[in-house]
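Below is one structure, written out as structure tokens, with a few remarks after it.
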Amino acid sequence: MNTLTAPPVKIFKRTVPAALAAAALLFAVTACGPSASSAGPATTGGSAGGDTGVPALAANDAAVQLLPESIKSSKVLRVAIPTNEPPTQFYREGTQEMTGANPDIARLIGQALGVSVEIQVANFDSIIPGIAAGRYDMTVSSMTPTEKRMQVLDFVDYMQMGTAIAVQSGNPHGIDSEAALCGKNVGLLTGSYQLTVNVPATNAACTAAGKDVIHTNEFQDTRQAISALTSGRLDAVLADQPILNFASSQNPQVVVAAAYDFAAVGVGMPKDSGLVKSVGAALATVVTSDSYRKVLGKYGLDSSAITDARVNFAQ
């Protein structure tokens, strides 16, 4: 059984893997600039042969046989992934090709299933509607399998991560825990687990304690929220822990004040597609492979590894 453990909170600048050097440059250039377009162009990358720097992984014949006939015929998986959020997903320097932990794990799944992976870049809050409309076969987007999401999607766990609170260097508002967010101006990604699950729970606790609720400010990517934080328009940013850890490693104006609520995230796919059986079998191979550990290590996410690809395990 997979055990979820909370890695230590990292609040100071640290060395990041060489694979993230380009992302660091990109983040430094764009963190304070205008956001990317609301939905970037479709980008392809990652064949069954693993030709994009992803470690090779043999096909799982049993998983291949479980593929829906439409995927067997096309030999392509259309995978929705959000816009630039290093280290989980970001563009290779000078290209429109996505890399990062999520695209690379999607490519490992493709290898295990013997199909090509076509990355489709989309805003996080548009992914579930896009899957419902048939634009994507699945998503690998650090999506937490909540009971509400599981009403429309099947999920298979593929790694773990937590929620983190980022603040300005020096922590001028003294925010050191979830409870300290009451009454504060907080930036969040639209449609995120933090906005839809963490904030309502914290607001209930704030109200019970006679305090003001969180004043939420929604953004389409975390870079926009970080920019608002460093300019003083926000008191804190609440987002996925790997993304805020990376941001703090690149920007001396940002520190991670707390991390909590560590849980698995899952590959999501339509309930009526029949894809969950094949993806579940494929991920059982992926998460126990050396290739998986190499991918996570490449992006400094060793502690995000799991060993049990649970199917439809609500968080």
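Letters A, B, ... mark the chains of the structure tokens in the order given; residue numbers begin at 1 per chain; ligand numbers begin at 1, in order shown.
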
Spatial neighbours of A:Lys211, 8 Å, only C-alpha atoms, chain gap at least 4 places, as number ranges by chain:
A: 182-183, 206-207

Next, the residues of the selection above should be written as a PDB file, in the first residue's frame with C-alpha atoms.
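New file out.pdb:
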ATOM      1  CA  CYS A 182      -7.823  34.056   7.556  1.00  0.00           C
ATOM      2  CA  GLY A 183      -8.610  37.538   6.270  1.00  0.00           C
ATOM      3  CA  CYS A 206     -11.857  30.980  10.118  1.00  0.00           C
ATOM      4  CA  THR A 207     -15.591  31.589  10.558  1.00  0.00           C
TER       5      THR A 207
END

Show which residues sit within 9 Å of stretch 184-200 of chain A, as a PyMOL selection string. Count only C-alpha atoms, and ignore same-chain residues fewer than 3 positions away.
chain A and resi 123-126+143-144+146+163+173+178+180-181+203-205+212-222+224-226+228-229+233-240+261

Output C-alpha atoms of each residue in that selection to a file, as a PDB file, in the first residue's frame.
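Result file is selection-v8.pdb:
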ATOM      1  CA  ASN A 123      -5.571  26.202 -18.883  1.00  0.00           C
ATOM      2  CA  PHE A 124      -6.195  24.001 -15.880  1.00  0.00           C
ATOM      3  CA  ASP A 125      -9.851  24.989 -15.475  1.00  0.00           C
ATOM      4  CA  SER A 126     -10.609  24.134 -19.111  1.00  0.00           C
ATOM      5  CA  MET A 143      -5.036  16.862 -10.582  1.00  0.00           C
ATOM      6  CA  THR A 144      -6.201  15.631  -7.188  1.00  0.00           C
ATOM      7  CA  THR A 146     -11.645  14.583  -5.380  1.00  0.00           C
ATOM      8  CA  THR A 163      -0.177  22.324  -0.830  1.00  0.00           C
ATOM      9  CA  HIS A 173       2.301  39.356   7.419  1.00  0.00           C
ATOM     10  CA  GLU A 178      -3.092  27.460   6.983  1.00  0.00           C
ATOM     11  CA  ALA A 180      -2.921  32.302   9.415  1.00  0.00           C
ATOM     12  CA  LEU A 181      -4.550  32.827   6.004  1.00  0.00           C
ATOM     13  CA  ASN A 203     -12.808  29.438   5.597  1.00  0.00           C
ATOM     14  CA  ALA A 204     -15.017  27.237   7.751  1.00  0.00           C
ATOM     15  CA  ALA A 205     -12.334  27.212  10.429  1.00  0.00           C
ATOM     16  CA  ASP A 212     -12.600  36.922   8.342  1.00  0.00           C
ATOM     17  CA  VAL A 213     -12.487  34.397   5.511  1.00  0.00           C
ATOM     18  CA  ILE A 214      -9.715  34.291   2.924  1.00  0.00           C
ATOM     19  CA  HIS A 215      -9.936  36.963   0.210  1.00  0.00           C
ATOM     20  CA  THR A 216      -9.284  34.884  -2.914  1.00  0.00           C
ATOM     21  CA  ASN A 217      -7.649  36.168  -6.095  1.00  0.00           C
ATOM     22  CA  GLU A 218      -7.709  33.777  -9.059  1.00  0.00           C
ATOM     23  CA  PHE A 219      -5.011  33.435 -11.712  1.00  0.00           C
ATOM     24  CA  GLN A 220      -4.577  31.256 -14.806  1.00  0.00           C
ATOM     25  CA  ASP A 221      -1.017  30.305 -13.857  1.00  0.00           C
ATOM     26  CA  THR A 222       1.052  30.504 -10.699  1.00  0.00           C
ATOM     27  CA  GLN A 224       0.942  35.557 -12.373  1.00  0.00           C
ATOM     28  CA  ALA A 225       0.187  34.988  -8.702  1.00  0.00           C
ATOM     29  CA  ILE A 226       3.878  35.139  -7.783  1.00  0.00           C
ATOM     30  CA  ALA A 228       1.226  39.812  -7.675  1.00  0.00           C
ATOM     31  CA  LEU A 229       2.826  38.591  -4.449  1.00  0.00           C
ATOM     32  CA  ARG A 233      -0.810  42.999  -4.218  1.00  0.00           C
ATOM     33  CA  LEU A 234      -1.117  39.661  -2.408  1.00  0.00           C
ATOM     34  CA  ASP A 235      -0.254  38.552   1.109  1.00  0.00           C
ATOM     35  CA  ALA A 236       0.339  34.924   0.071  1.00  0.00           C
ATOM     36  CA  VAL A 237       0.022  32.390  -2.732  1.00  0.00           C
ATOM     37  CA  LEU A 238      -1.542  28.975  -2.145  1.00  0.00           C
ATOM     38  CA  ALA A 239      -0.546  26.388  -4.766  1.00  0.00           C
ATOM     39  CA  ASP A 240       1.097  23.014  -5.399  1.00  0.00           C
ATOM     40  CA  ASP A 261      -2.052  18.233   2.953  1.00  0.00           C
TER      41      ASP A 261
END

Give me the residues within 10 Å of A:Met269 as a count of residues only, counting only C-alpha atoms and dropping any in the same chain fewer than 3 places off.
22

DSSP says strand (DSSP E or B) for which residues of stretch 88-311 of chain A? Put them as JSON, numbers by chain?
{"A": [89, 90, 91, 98, 99, 116, 117, 118, 119, 120, 121, 138, 139, 140, 141, 142, 143, 153, 154, 155, 156, 157, 158, 159, 160, 161, 162, 163, 164, 165, 166, 167, 168, 185, 186, 187, 188, 189, 215, 216, 217, 218, 219, 236, 237, 238, 239, 240, 254, 255, 256, 257, 258, 259, 260, 261, 262, 263, 264, 265, 266, 267, 268, 269, 270, 311]}

Based on the backbone DSSP call, show me all residues of stretch 91-229 of chain A assigned helix (DSSP H, G or I), as a PyMOL selection string.
chain A and resi 101-113+124-132+149-151+178-181+193-208+222-229

Resulting file, chosen residues, N, CA and C atoms, as a short mmCIF file (atom, residue, chain, number, x, y, z; two decimals), in the first residue's frame:
data_model
loop_
_atom_site.label_atom_id
_atom_site.label_comp_id
_atom_site.auth_asym_id
_atom_site.auth_seq_id
_atom_site.Cartn_x
_atom_site.Cartn_y
_atom_site.Cartn_z
N ALA A 101 7.84 17.11 -15.23
CA ALA A 101 7.43 15.83 -14.67
C ALA A 101 6.14 15.32 -15.30
N ASN A 102 5.15 16.17 -15.47
CA ASN A 102 3.87 15.69 -16.01
C ASN A 102 3.97 15.23 -17.47
N PRO A 103 4.53 16.05 -18.37
CA PRO A 103 4.68 15.54 -19.75
C PRO A 103 5.51 14.27 -19.83
N ASP A 104 6.59 14.20 -19.04
CA ASP A 104 7.45 13.02 -19.12
C ASP A 104 6.75 11.77 -18.58
N ILE A 105 5.95 11.91 -17.52
CA ILE A 105 5.20 10.76 -17.02
C ILE A 105 4.13 10.36 -18.04
N ALA A 106 3.51 11.34 -18.69
CA ALA A 106 2.57 11.01 -19.76
C ALA A 106 3.27 10.19 -20.85
N ARG A 107 4.50 10.56 -21.17
CA ARG A 107 5.25 9.83 -22.21
C ARG A 107 5.62 8.43 -21.74
N LEU A 108 5.92 8.26 -20.44
CA LEU A 108 6.16 6.92 -19.91
C LEU A 108 4.91 6.06 -20.04
N ILE A 109 3.75 6.65 -19.76
CA ILE A 109 2.50 5.91 -19.94
C ILE A 109 2.34 5.50 -21.40
N GLY A 110 2.65 6.45 -22.30
CA GLY A 110 2.58 6.13 -23.73
C GLY A 110 3.48 4.97 -24.11
N GLN A 111 4.70 4.96 -23.57
CA GLN A 111 5.61 3.85 -23.85
C GLN A 111 5.05 2.54 -23.33
N ALA A 112 4.50 2.56 -22.11
CA ALA A 112 3.95 1.34 -21.52
C ALA A 112 2.76 0.81 -22.33
N LEU A 113 2.07 1.74 -23.02
CA LEU A 113 0.90 1.36 -23.83
C LEU A 113 1.24 1.20 -25.31
N PHE A 124 -5.77 25.08 -16.76
CA PHE A 124 -6.19 24.00 -15.88
C PHE A 124 -7.72 23.90 -15.79
N ASP A 125 -8.40 25.04 -15.67
CA ASP A 125 -9.85 24.99 -15.47
C ASP A 125 -10.61 24.61 -16.74
N SER A 126 -9.93 24.54 -17.87
CA SER A 126 -10.61 24.13 -19.11
C SER A 126 -10.40 22.66 -19.44
N ILE A 127 -9.61 21.96 -18.63
CA ILE A 127 -9.25 20.58 -18.97
C ILE A 127 -10.44 19.63 -18.84
N ILE A 128 -11.15 19.67 -17.71
CA ILE A 128 -12.28 18.75 -17.55
C ILE A 128 -13.37 19.02 -18.60
N PRO A 129 -13.75 20.29 -18.87
CA PRO A 129 -14.69 20.51 -19.97
C PRO A 129 -14.17 20.02 -21.32
N GLY A 130 -12.85 20.15 -21.54
CA GLY A 130 -12.26 19.68 -22.79
C GLY A 130 -12.32 18.17 -22.93
N ILE A 131 -12.12 17.46 -21.80
CA ILE A 131 -12.24 16.00 -21.83
C ILE A 131 -13.69 15.62 -22.11
N ALA A 132 -14.62 16.33 -21.46
CA ALA A 132 -16.05 16.04 -21.67
C ALA A 132 -16.46 16.27 -23.12
N ARG A 149 -14.70 15.57 -8.67
CA ARG A 149 -14.11 15.29 -9.97
C ARG A 149 -14.38 13.85 -10.40
N MET A 150 -14.43 12.94 -9.42
CA MET A 150 -14.65 11.54 -9.74
C MET A 150 -16.08 11.25 -10.20
N GLN A 151 -16.95 12.24 -10.15
CA GLN A 151 -18.28 12.08 -10.72
C GLN A 151 -18.23 12.05 -12.25
N GLU A 178 -1.80 27.35 7.66
CA GLU A 178 -3.09 27.46 6.98
C GLU A 178 -4.02 28.40 7.75
N ALA A 179 -4.02 28.27 9.08
CA ALA A 179 -4.91 29.09 9.91
C ALA A 179 -4.60 30.58 9.81
N ALA A 180 -3.34 30.90 9.50
CA ALA A 180 -2.92 32.30 9.41
C ALA A 180 -3.39 32.98 8.14
N LEU A 181 -4.05 32.24 7.25
CA LEU A 181 -4.55 32.83 6.00
C LEU A 181 -5.88 33.55 6.18
N TYR A 193 -7.14 22.52 -6.71
CA TYR A 193 -7.50 21.83 -5.47
C TYR A 193 -7.47 22.81 -4.30
N GLN A 194 -6.49 23.71 -4.32
CA GLN A 194 -6.38 24.68 -3.24
C GLN A 194 -7.61 25.58 -3.18
N LEU A 195 -8.10 26.01 -4.35
CA LEU A 195 -9.26 26.89 -4.40
C LEU A 195 -10.55 26.15 -4.05
N THR A 196 -10.69 24.95 -4.56
CA THR A 196 -11.96 24.24 -4.43
C THR A 196 -12.07 23.39 -3.16
N VAL A 197 -10.95 23.01 -2.57
CA VAL A 197 -10.98 22.15 -1.38
C VAL A 197 -10.34 22.81 -0.17
N ASN A 198 -9.08 23.26 -0.31
CA ASN A 198 -8.38 23.84 0.84
C ASN A 198 -9.06 25.10 1.37
N VAL A 199 -9.39 26.02 0.46
CA VAL A 199 -9.95 27.30 0.90
C VAL A 199 -11.29 27.14 1.61
N PRO A 200 -12.25 26.36 1.06
CA PRO A 200 -13.51 26.20 1.80
C PRO A 200 -13.31 25.63 3.21
N ALA A 201 -12.40 24.66 3.34
CA ALA A 201 -12.15 24.08 4.66
C ALA A 201 -11.54 25.11 5.60
N THR A 202 -10.58 25.89 5.09
CA THR A 202 -9.96 26.92 5.93
C THR A 202 -10.96 28.01 6.28
N ASN A 203 -11.80 28.41 5.33
CA ASN A 203 -12.81 29.44 5.60
C ASN A 203 -13.77 29.01 6.70
N ALA A 204 -14.13 27.73 6.70
CA ALA A 204 -15.02 27.24 7.75
C ALA A 204 -14.36 27.37 9.12
N ALA A 205 -13.06 27.08 9.17
CA ALA A 205 -12.33 27.21 10.43
C ALA A 205 -12.19 28.68 10.82
N CYS A 206 -11.97 29.54 9.84
CA CYS A 206 -11.86 30.98 10.12
C CYS A 206 -13.17 31.50 10.71
N THR A 207 -14.28 31.14 10.09
CA THR A 207 -15.59 31.59 10.56
C THR A 207 -15.87 31.08 11.97
N ALA A 208 -15.54 29.81 12.22
CA ALA A 208 -15.76 29.24 13.54
C ALA A 208 -14.94 29.95 14.62
N THR A 222 0.47 30.11 -11.98
CA THR A 222 1.05 30.50 -10.70
C THR A 222 2.06 31.63 -10.86
N ARG A 223 2.67 31.76 -12.04
CA ARG A 223 3.62 32.86 -12.26
C ARG A 223 2.94 34.20 -12.08
N GLN A 224 1.68 34.31 -12.56
CA GLN A 224 0.94 35.56 -12.37
C GLN A 224 0.73 35.85 -10.89
N ALA A 225 0.40 34.81 -10.13
CA ALA A 225 0.19 34.99 -8.70
C ALA A 225 1.48 35.39 -7.99
N ILE A 226 2.59 34.79 -8.38
CA ILE A 226 3.88 35.14 -7.78
C ILE A 226 4.22 36.60 -8.07
N SER A 227 3.95 37.04 -9.29
CA SER A 227 4.18 38.44 -9.65
C SER A 227 3.36 39.36 -8.77
N ALA A 228 2.09 39.00 -8.54
CA ALA A 228 1.23 39.81 -7.68
C ALA A 228 1.72 39.80 -6.23
N LEU A 229 2.28 38.68 -5.80
CA LEU A 229 2.83 38.59 -4.45
C LEU A 229 4.04 39.49 -4.28
#

Find the spatial neighbours of A:Gln160, counting only C-alpha atoms, within a cut-off of 8 Å - ignore same-chain residues fewer than 4 positions away - and output them as number ranges by chain.
A: 4, 262-265, 304-306

One residue among A:Ala164, A:Ala56, A:Asp157, A:Asp290 is nearest to A:Ala309 when using only C-alpha atoms, and that residue is A:Asp157

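Counting from atom CA of A:Thr88, the distance to atom CA of A:Gly268 is 16.0 Å.
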
Please determine, counting only C-alpha atoms, which residue among A:Gly100, A:Ser177, A:Asn245, A:Gly94 has the shortest atom-to-atom distance to A:Gly297.
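When distances to A:Gly297 are compared using only C-alpha atoms, the smallest one comes from A:Gly100.
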
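The two atoms in question, atom CA of A:Thr285 and atom CA of A:Ser142, are spaced 19.2 Å apart.
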